[in-house]
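Peer 1: Below is the structure I would like to discuss, written out as structure tokens.
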Amino acid sequence: MTKTNNDSIYIPKAKEIIDNAIKKVKDEVDKIENDNRVAKHFFIADKEKKRIYHFADEVKTTLEGVVKPFPNIDKLKDVYKELLLNEIDLETLKKSLSHVAKTKFLINSLKNNYIQKIRTNLKAAPKLRTEFYGRVQSIVKKLDPSLSYILIASRTIRKAPSFKDYPTAVLVGIPNSGKSTFLNKITGSKVEIRDYAFTTKRLQVGLYEQRYEKYQVIDSPGLLVRDFSKLNIIEKQTIIALEKLAKAAIFLIDLTEDADKQKKLISKLLAKVNKEFIIIYTKKDMMLPREVDDFKASFKEIKPQKDFTLDLNHLSEKDIEEITEAITKLLKKQ
Ligand SMILES: Nc1nc2c(ncn2[C@@H]2O[C@H](COP(=O)(O)OP(=O)(O)O)[C@@H](O)[C@H]2O)c(=O)[nH]1
Ligand SMILES: [Mg+2]
């Protein structure tokens, strides 16, 4: 399982593993013909041995393909490990991987066993080979729950974007506050924007460059105000990004939504992850100037390094320059 942009990961089910092995044997062994240089029962026994070898090897190769490419969890970068642990149980994953690995060894020793049996009883070769297939099939069948779990874990890893090591700011705000719009404007990314909540279901990465240095901005799924212990898997990704990647936070505050609720969110987050931050008040165009002033007055005890009040859909070049300048200043700070 390598990490590419392609979301398709293939991990076979037990039945496919067996069907595939049977087909491979058919293709490679069935067509071998007796050239009449050996007695018939030798020939038949030999062919059955070949079936056993091919069958076992095919299953073994498939199982290797499941286990080998899986990254060493203990060596994963912190942020990837946390994102993985957010969605899966590490013990179950480790057990599943070792279940597959053990099955591989078990099949190998069974294979040696049956080959030996055929050597001492050539006439029983067809019966022994059928018995071998049956035993392998029932061992592999038991793998299904482990294979499903490995698939879930693989998808979780694959879903994570490729984070860069550049200085990083994480965008935080309630759903629909303009995070993705902001990311696209500042970094030229093309993250999906919709006028309904929860469009962004996972972390997104954008990059911008200033004076030949690169910076990373991460768009996160919307956070609701509630107990951090009650955050769902998607919301927890934001906390992980803040803890593991962010040098600074950028809070997007929606002027058309409840001020108190958003103030609480900021305070709670800052209490949990102590970061310097910028505030971007969004949807200025939808409010009267007096309403904007009232809203901001209620935020006066929150002290950002810098704040902006904007209509994100109509940012000027100058706005963008000023905003990136402010972000860079925070990210460059020693
Ligand atoms: N009028 C107006 N709409 C905005 C502004 N910022 C964002 N929006 C709209 O709000 C909706 C949600 O924006 P989005 O960036 O997807 O929010 P996210 O959920 O925080 O990522 C979209 O329809 C945006 O066009 C703004 O400053 N003014
Ligand atoms: Mg979004």
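Quick note on naming: the chains in the structure tokens go A, B, ... in the order shown, residues restart at 1 in each chain, and ligands are numbered from 1 in order of appearance.
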For region 294-307 of chain A, list every protein, DNA or RNA residue within 12 Å, evaluated using only C-alpha atoms, and leave out those in the same chain fewer than 6 positions away; present the list as a ChimeraX atom specification.
Peer 2: /A:248-268,270,275-282,284,287-288,319,322-331,333
Peer 1: List the spatial neighbours of region 107-114 of chain A as a list of chain:residue names - criterion: any atom at most 8 Å away, only C-alpha atoms, same-chain residues fewer than 5 positions off excluded.
Peer 2: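 The contact residues come out as A:Ile52, A:Tyr53, A:Ala56, A:Lys60, A:Leu128, A:Arg129, A:Phe132, A:Val136.
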Peer 1: Take the residues that were just selected and, keeping N, CA and C atoms, output them as a PDB file, in the first residue's frame.
Peer 2:
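selection_10.pdb, freshly written:
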```pdb
ATOM      1  N   ILE A  52       0.056 -28.076  -5.371  1.00  0.00           N
ATOM      2  CA  ILE A  52       0.227 -27.622  -3.979  1.00  0.00           C
ATOM      3  C   ILE A  52       1.217 -26.461  -3.900  1.00  0.00           C
ATOM      4  N   TYR A  53       2.352 -26.614  -4.584  1.00  0.00           N
ATOM      5  CA  TYR A  53       3.355 -25.538  -4.578  1.00  0.00           C
ATOM      6  C   TYR A  53       2.777 -24.233  -5.118  1.00  0.00           C
ATOM      7  N   ALA A  56      -0.036 -22.727  -2.831  1.00  0.00           N
ATOM      8  CA  ALA A  56       0.500 -22.135  -1.604  1.00  0.00           C
ATOM      9  C   ALA A  56       1.249 -20.833  -1.915  1.00  0.00           C
ATOM     10  N   LYS A  60       0.400 -17.099  -0.613  1.00  0.00           N
ATOM     11  CA  LYS A  60       1.454 -16.430   0.142  1.00  0.00           C
ATOM     12  C   LYS A  60       1.781 -15.059  -0.475  1.00  0.00           C
ATOM     13  N   LEU A 128      -4.864 -36.113  -1.179  1.00  0.00           N
ATOM     14  CA  LEU A 128      -4.100 -35.234  -0.278  1.00  0.00           C
ATOM     15  C   LEU A 128      -4.121 -33.783  -0.757  1.00  0.00           C
ATOM     16  N   ARG A 129      -4.020 -33.644  -2.076  1.00  0.00           N
ATOM     17  CA  ARG A 129      -4.032 -32.275  -2.613  1.00  0.00           C
ATOM     18  C   ARG A 129      -5.374 -31.612  -2.327  1.00  0.00           C
ATOM     19  N   PHE A 132      -5.455 -30.574   1.168  1.00  0.00           N
ATOM     20  CA  PHE A 132      -4.622 -29.380   1.386  1.00  0.00           C
ATOM     21  C   PHE A 132      -5.393 -28.114   1.005  1.00  0.00           C
ATOM     22  N   VAL A 136      -6.273 -25.022   3.572  1.00  0.00           N
ATOM     23  CA  VAL A 136      -5.846 -23.641   3.318  1.00  0.00           C
ATOM     24  C   VAL A 136      -7.070 -22.724   3.241  1.00  0.00           C
TER      25      VAL A 136
END
```
Peer 1: When distances are computed from only C-alpha atoms, which of A:Lys141, A:Ile239, A:Val273, A:Ile174 shows the smallest separation from Leu224 (chain A)?
Peer 2: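 Once distances to Leu224 (chain A) are computed over only C-alpha atoms, the minimum belongs to A:Ile174.
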Peer 1: If you count only C-alpha atoms, which residues fall within 8 Å of Gly188 (chain A), apart from same-chain ones fewer than 3 positions away, as a list in words?
Peer 2: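 Listing them by chain and then by number gives Leu183, Asn184, Lys185, Gly206, Leu207 and Tyr208 of chain A.
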Peer 1: What's the 6 Å shell around region 212-218 of chain A, counting only C-alpha atoms, without same-chain residues fewer than 2 positions away, as a VMD selection string?
Peer 2: chain A and resid 166 to 171 204 to 210
Peer 1: May I have the residues within 9 Å of Asn20 (chain A) as a list in words, using only C-alpha atoms and disregarding those fewer than 4 positions away in the same chain?
Peer 2: Lys15, Glu16, Lys24, Val25, Glu58 and Val59 of chain A
Peer 1: Given the choices A:Pro161, A:Pro71, A:Pro126, A:Gly222, which gets closest to ligand 2 if the distance is worked out from only C-alpha atoms and all ligand atoms?
Peer 2: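 Closest residue, counting only C-alpha atoms and all ligand atoms: A:Gly222.
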Peer 1: Just want the 8 Å neighbourhood of Leu203 (chain A), counted on only C-alpha atoms, with same-chain residues fewer than 5 positions away dropped. Output as a list in words.
Peer 2: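 The contact residues come out as Ala160, Pro161, Ile218, Asp219, Ser220, Pro221, Gln237 and Thr238 of chain A.
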Peer 1: Identify which of the residues A:Lys283, A:Arg155, A:Lys13, A:His99 lies closest to ligand 1, counting only C-alpha atoms and all ligand atoms when measuring atom-to-atom distances.
Peer 2: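 Residue with the minimum atom-to-atom distance to ligand 1: A:Lys283.
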Peer 1: From a backbone DSSP assignment, name each residue in region 26-111 of chain A labelled helix (DSSP H, G or I), as a PDB file with N, CA and C atoms, in the first residue's frame.
Peer 2:
```pdb
ATOM      1  N   LYS A  26      -4.750 -23.666 -12.216  1.00  0.00           N
ATOM      2  CA  LYS A  26      -5.355 -24.159 -13.472  1.00  0.00           C
ATOM      3  C   LYS A  26      -4.525 -23.727 -14.659  1.00  0.00           C
ATOM      4  N   ASP A  27      -4.203 -22.428 -14.690  1.00  0.00           N
ATOM      5  CA  ASP A  27      -3.470 -21.875 -15.824  1.00  0.00           C
ATOM      6  C   ASP A  27      -2.078 -22.483 -15.957  1.00  0.00           C
ATOM      7  N   GLU A  28      -1.439 -22.748 -14.824  1.00  0.00           N
ATOM      8  CA  GLU A  28      -0.035 -23.117 -14.905  1.00  0.00           C
ATOM      9  C   GLU A  28       0.250 -24.612 -14.807  1.00  0.00           C
ATOM     10  N   VAL A  29      -0.636 -25.349 -14.166  1.00  0.00           N
ATOM     11  CA  VAL A  29      -0.330 -26.767 -13.954  1.00  0.00           C
ATOM     12  C   VAL A  29      -1.183 -27.697 -14.826  1.00  0.00           C
ATOM     13  N   LYS A  40       2.383 -43.541 -14.935  1.00  0.00           N
ATOM     14  CA  LYS A  40       1.254 -42.642 -14.764  1.00  0.00           C
ATOM     15  C   LYS A  40       1.106 -42.128 -13.329  1.00  0.00           C
ATOM     16  N   HIS A  41       1.265 -43.035 -12.363  1.00  0.00           N
ATOM     17  CA  HIS A  41       1.035 -42.573 -10.984  1.00  0.00           C
ATOM     18  C   HIS A  41       2.140 -41.603 -10.522  1.00  0.00           C
ATOM     19  N   PHE A  42       3.340 -41.755 -11.100  1.00  0.00           N
ATOM     20  CA  PHE A  42       4.394 -40.762 -10.804  1.00  0.00           C
ATOM     21  C   PHE A  42       3.995 -39.391 -11.355  1.00  0.00           C
ATOM     22  N   PHE A  43       3.518 -39.477 -12.599  1.00  0.00           N
ATOM     23  CA  PHE A  43       3.138 -38.230 -13.260  1.00  0.00           C
ATOM     24  C   PHE A  43       2.024 -37.517 -12.493  1.00  0.00           C
ATOM     25  N   ILE A  44       1.014 -38.279 -12.103  1.00  0.00           N
ATOM     26  CA  ILE A  44      -0.124 -37.678 -11.375  1.00  0.00           C
ATOM     27  C   ILE A  44       0.335 -37.088 -10.039  1.00  0.00           C
ATOM     28  N   ALA A  45       1.154 -37.853  -9.323  1.00  0.00           N
ATOM     29  CA  ALA A  45       1.632 -37.364  -8.021  1.00  0.00           C
ATOM     30  C   ALA A  45       2.449 -36.089  -8.196  1.00  0.00           C
ATOM     31  N   ASP A  46       3.253 -36.077  -9.248  1.00  0.00           N
ATOM     32  CA  ASP A  46       4.083 -34.905  -9.502  1.00  0.00           C
ATOM     33  C   ASP A  46       3.226 -33.669  -9.800  1.00  0.00           C
ATOM     34  N   LYS A  47       2.204 -33.914 -10.583  1.00  0.00           N
ATOM     35  CA  LYS A  47       1.315 -32.805 -10.944  1.00  0.00           C
ATOM     36  C   LYS A  47       0.594 -32.258  -9.689  1.00  0.00           C
ATOM     37  N   GLU A  48       0.167 -33.141  -8.812  1.00  0.00           N
ATOM     38  CA  GLU A  48      -0.506 -32.706  -7.583  1.00  0.00           C
ATOM     39  C   GLU A  48       0.453 -31.914  -6.694  1.00  0.00           C
ATOM     40  N   LYS A  49       1.704 -32.370  -6.664  1.00  0.00           N
ATOM     41  CA  LYS A  49       2.696 -31.615  -5.875  1.00  0.00           C
ATOM     42  C   LYS A  49       2.853 -30.204  -6.442  1.00  0.00           C
ATOM     43  N   LYS A  50       2.923 -30.138  -7.771  1.00  0.00           N
ATOM     44  CA  LYS A  50       3.037 -28.821  -8.411  1.00  0.00           C
ATOM     45  C   LYS A  50       1.839 -27.941  -8.053  1.00  0.00           C
ATOM     46  N   ARG A  51       0.651 -28.576  -8.040  1.00  0.00           N
ATOM     47  CA  ARG A  51      -0.552 -27.802  -7.676  1.00  0.00           C
ATOM     48  C   ARG A  51      -0.391 -27.229  -6.271  1.00  0.00           C
ATOM     49  N   ILE A  52       0.056 -28.076  -5.371  1.00  0.00           N
ATOM     50  CA  ILE A  52       0.227 -27.622  -3.979  1.00  0.00           C
ATOM     51  C   ILE A  52       1.217 -26.461  -3.900  1.00  0.00           C
ATOM     52  N   TYR A  53       2.352 -26.614  -4.584  1.00  0.00           N
ATOM     53  CA  TYR A  53       3.355 -25.538  -4.578  1.00  0.00           C
ATOM     54  C   TYR A  53       2.777 -24.233  -5.118  1.00  0.00           C
ATOM     55  N   HIS A  54       2.176 -24.334  -6.285  1.00  0.00           N
ATOM     56  CA  HIS A  54       1.654 -23.120  -6.907  1.00  0.00           C
ATOM     57  C   HIS A  54       0.548 -22.476  -6.083  1.00  0.00           C
ATOM     58  N   PHE A  55      -0.337 -23.305  -5.582  1.00  0.00           N
ATOM     59  CA  PHE A  55      -1.464 -22.808  -4.790  1.00  0.00           C
ATOM     60  C   PHE A  55      -0.942 -22.063  -3.556  1.00  0.00           C
ATOM     61  N   ALA A  56      -0.036 -22.727  -2.831  1.00  0.00           N
ATOM     62  CA  ALA A  56       0.500 -22.135  -1.604  1.00  0.00           C
ATOM     63  C   ALA A  56       1.249 -20.833  -1.915  1.00  0.00           C
ATOM     64  N   ASP A  57       2.054 -20.871  -2.973  1.00  0.00           N
ATOM     65  CA  ASP A  57       2.828 -19.670  -3.312  1.00  0.00           C
ATOM     66  C   ASP A  57       1.936 -18.499  -3.699  1.00  0.00           C
ATOM     67  N   GLU A  58       0.889 -18.824  -4.425  1.00  0.00           N
ATOM     68  CA  GLU A  58      -0.006 -17.761  -4.863  1.00  0.00           C
ATOM     69  C   GLU A  58      -0.687 -17.096  -3.662  1.00  0.00           C
ATOM     70  N   VAL A  59      -1.176 -17.912  -2.733  1.00  0.00           N
ATOM     71  CA  VAL A  59      -1.827 -17.365  -1.540  1.00  0.00           C
ATOM     72  C   VAL A  59      -0.816 -16.548  -0.740  1.00  0.00           C
ATOM     73  N   LYS A  60       0.400 -17.099  -0.613  1.00  0.00           N
ATOM     74  CA  LYS A  60       1.454 -16.430   0.142  1.00  0.00           C
ATOM     75  C   LYS A  60       1.781 -15.059  -0.475  1.00  0.00           C
ATOM     76  N   THR A  61       1.906 -15.032  -1.775  1.00  0.00           N
ATOM     77  CA  THR A  61       2.218 -13.761  -2.447  1.00  0.00           C
ATOM     78  C   THR A  61       1.117 -12.726  -2.218  1.00  0.00           C
ATOM     79  N   THR A  62      -0.129 -13.181  -2.311  1.00  0.00           N
ATOM     80  CA  THR A  62      -1.232 -12.237  -2.079  1.00  0.00           C
ATOM     81  C   THR A  62      -1.184 -11.694  -0.652  1.00  0.00           C
ATOM     82  N   LEU A  63      -0.937 -12.573   0.302  1.00  0.00           N
ATOM     83  CA  LEU A  63      -0.910 -12.123   1.696  1.00  0.00           C
ATOM     84  C   LEU A  63       0.265 -11.167   1.956  1.00  0.00           C
ATOM     85  N   GLU A  64       1.373 -11.455   1.312  1.00  0.00           N
ATOM     86  CA  GLU A  64       2.517 -10.533   1.426  1.00  0.00           C
ATOM     87  C   GLU A  64       2.153  -9.147   0.909  1.00  0.00           C
ATOM     88  N   GLY A  65       1.407  -9.155  -0.180  1.00  0.00           N
ATOM     89  CA  GLY A  65       0.978  -7.890  -0.788  1.00  0.00           C
ATOM     90  C   GLY A  65       0.094  -7.072   0.142  1.00  0.00           C
ATOM     91  N   VAL A  66      -0.539  -7.737   1.107  1.00  0.00           N
ATOM     92  CA  VAL A  66      -1.385  -7.026   2.067  1.00  0.00           C
ATOM     93  C   VAL A  66      -0.539  -6.452   3.201  1.00  0.00           C
ATOM     94  N   VAL A  67       0.399  -7.249   3.673  1.00  0.00           N
ATOM     95  CA  VAL A  67       1.141  -6.877   4.886  1.00  0.00           C
ATOM     96  C   VAL A  67       2.355  -6.003   4.604  1.00  0.00           C
ATOM     97  N   ILE A  73       3.977   1.387  11.673  1.00  0.00           N
ATOM     98  CA  ILE A  73       3.187   2.379  12.410  1.00  0.00           C
ATOM     99  C   ILE A  73       4.055   3.181  13.373  1.00  0.00           C
ATOM    100  N   ASP A  74       5.009   2.504  13.991  1.00  0.00           N
ATOM    101  CA  ASP A  74       5.846   3.207  14.970  1.00  0.00           C
ATOM    102  C   ASP A  74       6.770   4.222  14.316  1.00  0.00           C
ATOM    103  N   LYS A  75       6.980   4.070  13.015  1.00  0.00           N
ATOM    104  CA  LYS A  75       7.870   5.014  12.322  1.00  0.00           C
ATOM    105  C   LYS A  75       7.116   6.118  11.587  1.00  0.00           C
ATOM    106  N   ASP A  78       4.475  11.802  13.460  1.00  0.00           N
ATOM    107  CA  ASP A  78       3.484  12.018  14.514  1.00  0.00           C
ATOM    108  C   ASP A  78       2.073  12.323  14.012  1.00  0.00           C
ATOM    109  N   VAL A  79       2.005  13.264  13.078  1.00  0.00           N
ATOM    110  CA  VAL A  79       0.675  13.694  12.647  1.00  0.00           C
ATOM    111  C   VAL A  79      -0.079  12.560  11.947  1.00  0.00           C
ATOM    112  N   TYR A  80       0.635  11.771  11.150  1.00  0.00           N
ATOM    113  CA  TYR A  80      -0.034  10.654  10.468  1.00  0.00           C
ATOM    114  C   TYR A  80      -0.457   9.588  11.476  1.00  0.00           C
ATOM    115  N   LYS A  81       0.400   9.369  12.449  1.00  0.00           N
ATOM    116  CA  LYS A  81       0.083   8.375  13.474  1.00  0.00           C
ATOM    117  C   LYS A  81      -1.176   8.799  14.253  1.00  0.00           C
ATOM    118  N   GLU A  82      -1.210  10.081  14.633  1.00  0.00           N
ATOM    119  CA  GLU A  82      -2.372  10.568  15.384  1.00  0.00           C
ATOM    120  C   GLU A  82      -3.653  10.486  14.541  1.00  0.00           C
ATOM    121  N   LEU A  83      -3.540  10.838  13.265  1.00  0.00           N
ATOM    122  CA  LEU A  83      -4.721  10.768  12.397  1.00  0.00           C
ATOM    123  C   LEU A  83      -5.198   9.327  12.250  1.00  0.00           C
ATOM    124  N   LEU A  84      -4.238   8.411  12.205  1.00  0.00           N
ATOM    125  CA  LEU A  84      -4.576   6.994  12.111  1.00  0.00           C
ATOM    126  C   LEU A  84      -5.251   6.526  13.402  1.00  0.00           C
ATOM    127  N   LEU A  85      -4.650   6.886  14.527  1.00  0.00           N
ATOM    128  CA  LEU A  85      -5.192   6.457  15.818  1.00  0.00           C
ATOM    129  C   LEU A  85      -6.547   7.088  16.118  1.00  0.00           C
ATOM    130  N   ASN A  86      -6.793   8.214  15.473  1.00  0.00           N
ATOM    131  CA  ASN A  86      -8.084   8.880  15.628  1.00  0.00           C
ATOM    132  C   ASN A  86      -9.209   7.999  15.089  1.00  0.00           C
ATOM    133  N   GLU A  87      -8.879   7.190  14.080  1.00  0.00           N
ATOM    134  CA  GLU A  87      -9.930   6.413  13.426  1.00  0.00           C
ATOM    135  C   GLU A  87      -9.864   4.916  13.670  1.00  0.00           C
ATOM    136  N   LEU A  90      -5.189   0.772  17.469  1.00  0.00           N
ATOM    137  CA  LEU A  90      -3.853   0.301  17.105  1.00  0.00           C
ATOM    138  C   LEU A  90      -3.663  -1.193  17.401  1.00  0.00           C
ATOM    139  N   GLU A  91      -4.167  -1.630  18.550  1.00  0.00           N
ATOM    140  CA  GLU A  91      -4.002  -3.046  18.920  1.00  0.00           C
ATOM    141  C   GLU A  91      -4.690  -3.956  17.902  1.00  0.00           C
ATOM    142  N   THR A  92      -5.905  -3.587  17.527  1.00  0.00           N
ATOM    143  CA  THR A  92      -6.640  -4.394  16.548  1.00  0.00           C
ATOM    144  C   THR A  92      -5.892  -4.437  15.221  1.00  0.00           C
ATOM    145  N   LEU A  93      -5.325  -3.294  14.827  1.00  0.00           N
ATOM    146  CA  LEU A  93      -4.582  -3.270  13.568  1.00  0.00           C
ATOM    147  C   LEU A  93      -3.354  -4.170  13.647  1.00  0.00           C
ATOM    148  N   LYS A  94      -2.608  -4.043  14.747  1.00  0.00           N
ATOM    149  CA  LYS A  94      -1.407  -4.874  14.892  1.00  0.00           C
ATOM    150  C   LYS A  94      -1.762  -6.359  14.896  1.00  0.00           C
ATOM    151  N   LYS A  95      -2.844  -6.693  15.594  1.00  0.00           N
ATOM    152  CA  LYS A  95      -3.295  -8.094  15.619  1.00  0.00           C
ATOM    153  C   LYS A  95      -3.684  -8.565  14.226  1.00  0.00           C
ATOM    154  N   SER A  96      -4.366  -7.701  13.495  1.00  0.00           N
ATOM    155  CA  SER A  96      -4.800  -8.079  12.147  1.00  0.00           C
ATOM    156  C   SER A  96      -3.598  -8.326  11.246  1.00  0.00           C
ATOM    157  N   LEU A  97      -2.614  -7.434  11.325  1.00  0.00           N
ATOM    158  CA  LEU A  97      -1.421  -7.600  10.488  1.00  0.00           C
ATOM    159  C   LEU A  97      -0.676  -8.876  10.856  1.00  0.00           C
ATOM    160  N   SER A  98      -0.579  -9.155  12.149  1.00  0.00           N
ATOM    161  CA  SER A  98       0.178 -10.350  12.521  1.00  0.00           C
ATOM    162  C   SER A  98      -0.618 -11.618  12.229  1.00  0.00           C
ATOM    163  N   HIS A  99      -1.942 -11.501  12.260  1.00  0.00           N
ATOM    164  CA  HIS A  99      -2.783 -12.638  11.860  1.00  0.00           C
ATOM    165  C   HIS A  99      -2.477 -13.039  10.401  1.00  0.00           C
ATOM    166  N   VAL A 100      -2.373 -12.028   9.549  1.00  0.00           N
ATOM    167  CA  VAL A 100      -2.077 -12.304   8.142  1.00  0.00           C
ATOM    168  C   VAL A 100      -0.672 -12.915   7.999  1.00  0.00           C
ATOM    169  N   ALA A 101       0.280 -12.327   8.711  1.00  0.00           N
ATOM    170  CA  ALA A 101       1.657 -12.825   8.624  1.00  0.00           C
ATOM    171  C   ALA A 101       1.751 -14.268   9.125  1.00  0.00           C
ATOM    172  N   LYS A 102       1.067 -14.543  10.226  1.00  0.00           N
ATOM    173  CA  LYS A 102       1.102 -15.908  10.770  1.00  0.00           C
ATOM    174  C   LYS A 102       0.459 -16.909   9.823  1.00  0.00           C
ATOM    175  N   THR A 103      -0.619 -16.492   9.197  1.00  0.00           N
ATOM    176  CA  THR A 103      -1.311 -17.377   8.249  1.00  0.00           C
ATOM    177  C   THR A 103      -0.372 -17.786   7.117  1.00  0.00           C
ATOM    178  N   LYS A 104       0.427 -16.817   6.694  1.00  0.00           N
ATOM    179  CA  LYS A 104       1.395 -17.078   5.624  1.00  0.00           C
ATOM    180  C   LYS A 104       2.359 -18.205   6.033  1.00  0.00           C
ATOM    181  N   PHE A 105       2.868 -18.112   7.242  1.00  0.00           N
ATOM    182  CA  PHE A 105       3.791 -19.145   7.721  1.00  0.00           C
ATOM    183  C   PHE A 105       3.100 -20.494   7.885  1.00  0.00           C
ATOM    184  N   LEU A 106       1.889 -20.426   8.383  1.00  0.00           N
ATOM    185  CA  LEU A 106       1.127 -21.648   8.602  1.00  0.00           C
ATOM    186  C   LEU A 106       0.917 -22.388   7.279  1.00  0.00           C
ATOM    187  N   ILE A 107       0.567 -21.640   6.251  1.00  0.00           N
ATOM    188  CA  ILE A 107       0.339 -22.261   4.937  1.00  0.00           C
ATOM    189  C   ILE A 107       1.635 -22.883   4.413  1.00  0.00           C
ATOM    190  N   ASN A 108       2.720 -22.196   4.659  1.00  0.00           N
ATOM    191  CA  ASN A 108       4.012 -22.715   4.218  1.00  0.00           C
ATOM    192  C   ASN A 108       4.357 -24.048   4.877  1.00  0.00           C
ATOM    193  N   SER A 109       4.106 -24.140   6.178  1.00  0.00           N
ATOM    194  CA  SER A 109       4.464 -25.404   6.827  1.00  0.00           C
ATOM    195  C   SER A 109       3.475 -26.500   6.463  1.00  0.00           C
ATOM    196  N   LEU A 110       2.215 -26.129   6.247  1.00  0.00           N
ATOM    197  CA  LEU A 110       1.229 -27.111   5.771  1.00  0.00           C
ATOM    198  C   LEU A 110       1.647 -27.671   4.418  1.00  0.00           C
ATOM    199  N   LYS A 111       2.129 -26.765   3.586  1.00  0.00           N
ATOM    200  CA  LYS A 111       2.563 -27.158   2.242  1.00  0.00           C
ATOM    201  C   LYS A 111       3.670 -28.221   2.343  1.00  0.00           C
TER     202      LYS A 111
END
```
Peer 1: Could you check which of A:Thr156, A:Lys318, A:Pro12, A:Pro289 is closest to Leu143 (chain A), using only C-alpha atoms?
Peer 2: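 Distance minimum relative to Leu143 (chain A) lands on A:Pro12.
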Peer 1: Between CA of Val38 (chain A) and CA of Ala21 (chain A), what is the distance in Å, rounded to a tenth?
Peer 2: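 The value is 27.6 Å.
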Peer 1: Calculated over only C-alpha atoms, which of the candidates A:Ile157, A:Gly173, A:Arg290, A:Asp227 has the smallest distance to Leu76 (chain A)?
Peer 2: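 Result for the nearest residue to Leu76 (chain A): A:Ile157.
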Peer 1: Please run DSSP on the backbone and report, as an MDAnalysis selection string, all residues within region 112-330 of chain A that come out as strand (DSSP E).
Peer 2: chainID A and resid 168:172 204:210 213:219 248:254 276:282 306:309
Peer 1: From the set A:Lys127, A:Lys230, A:Ile18, A:Phe182, which residue has the shortest atom-to-atom contact distance to Ile139 (chain A), counting only C-alpha atoms?
Peer 2: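 Distance minimum relative to Ile139 (chain A) lands on A:Ile18.
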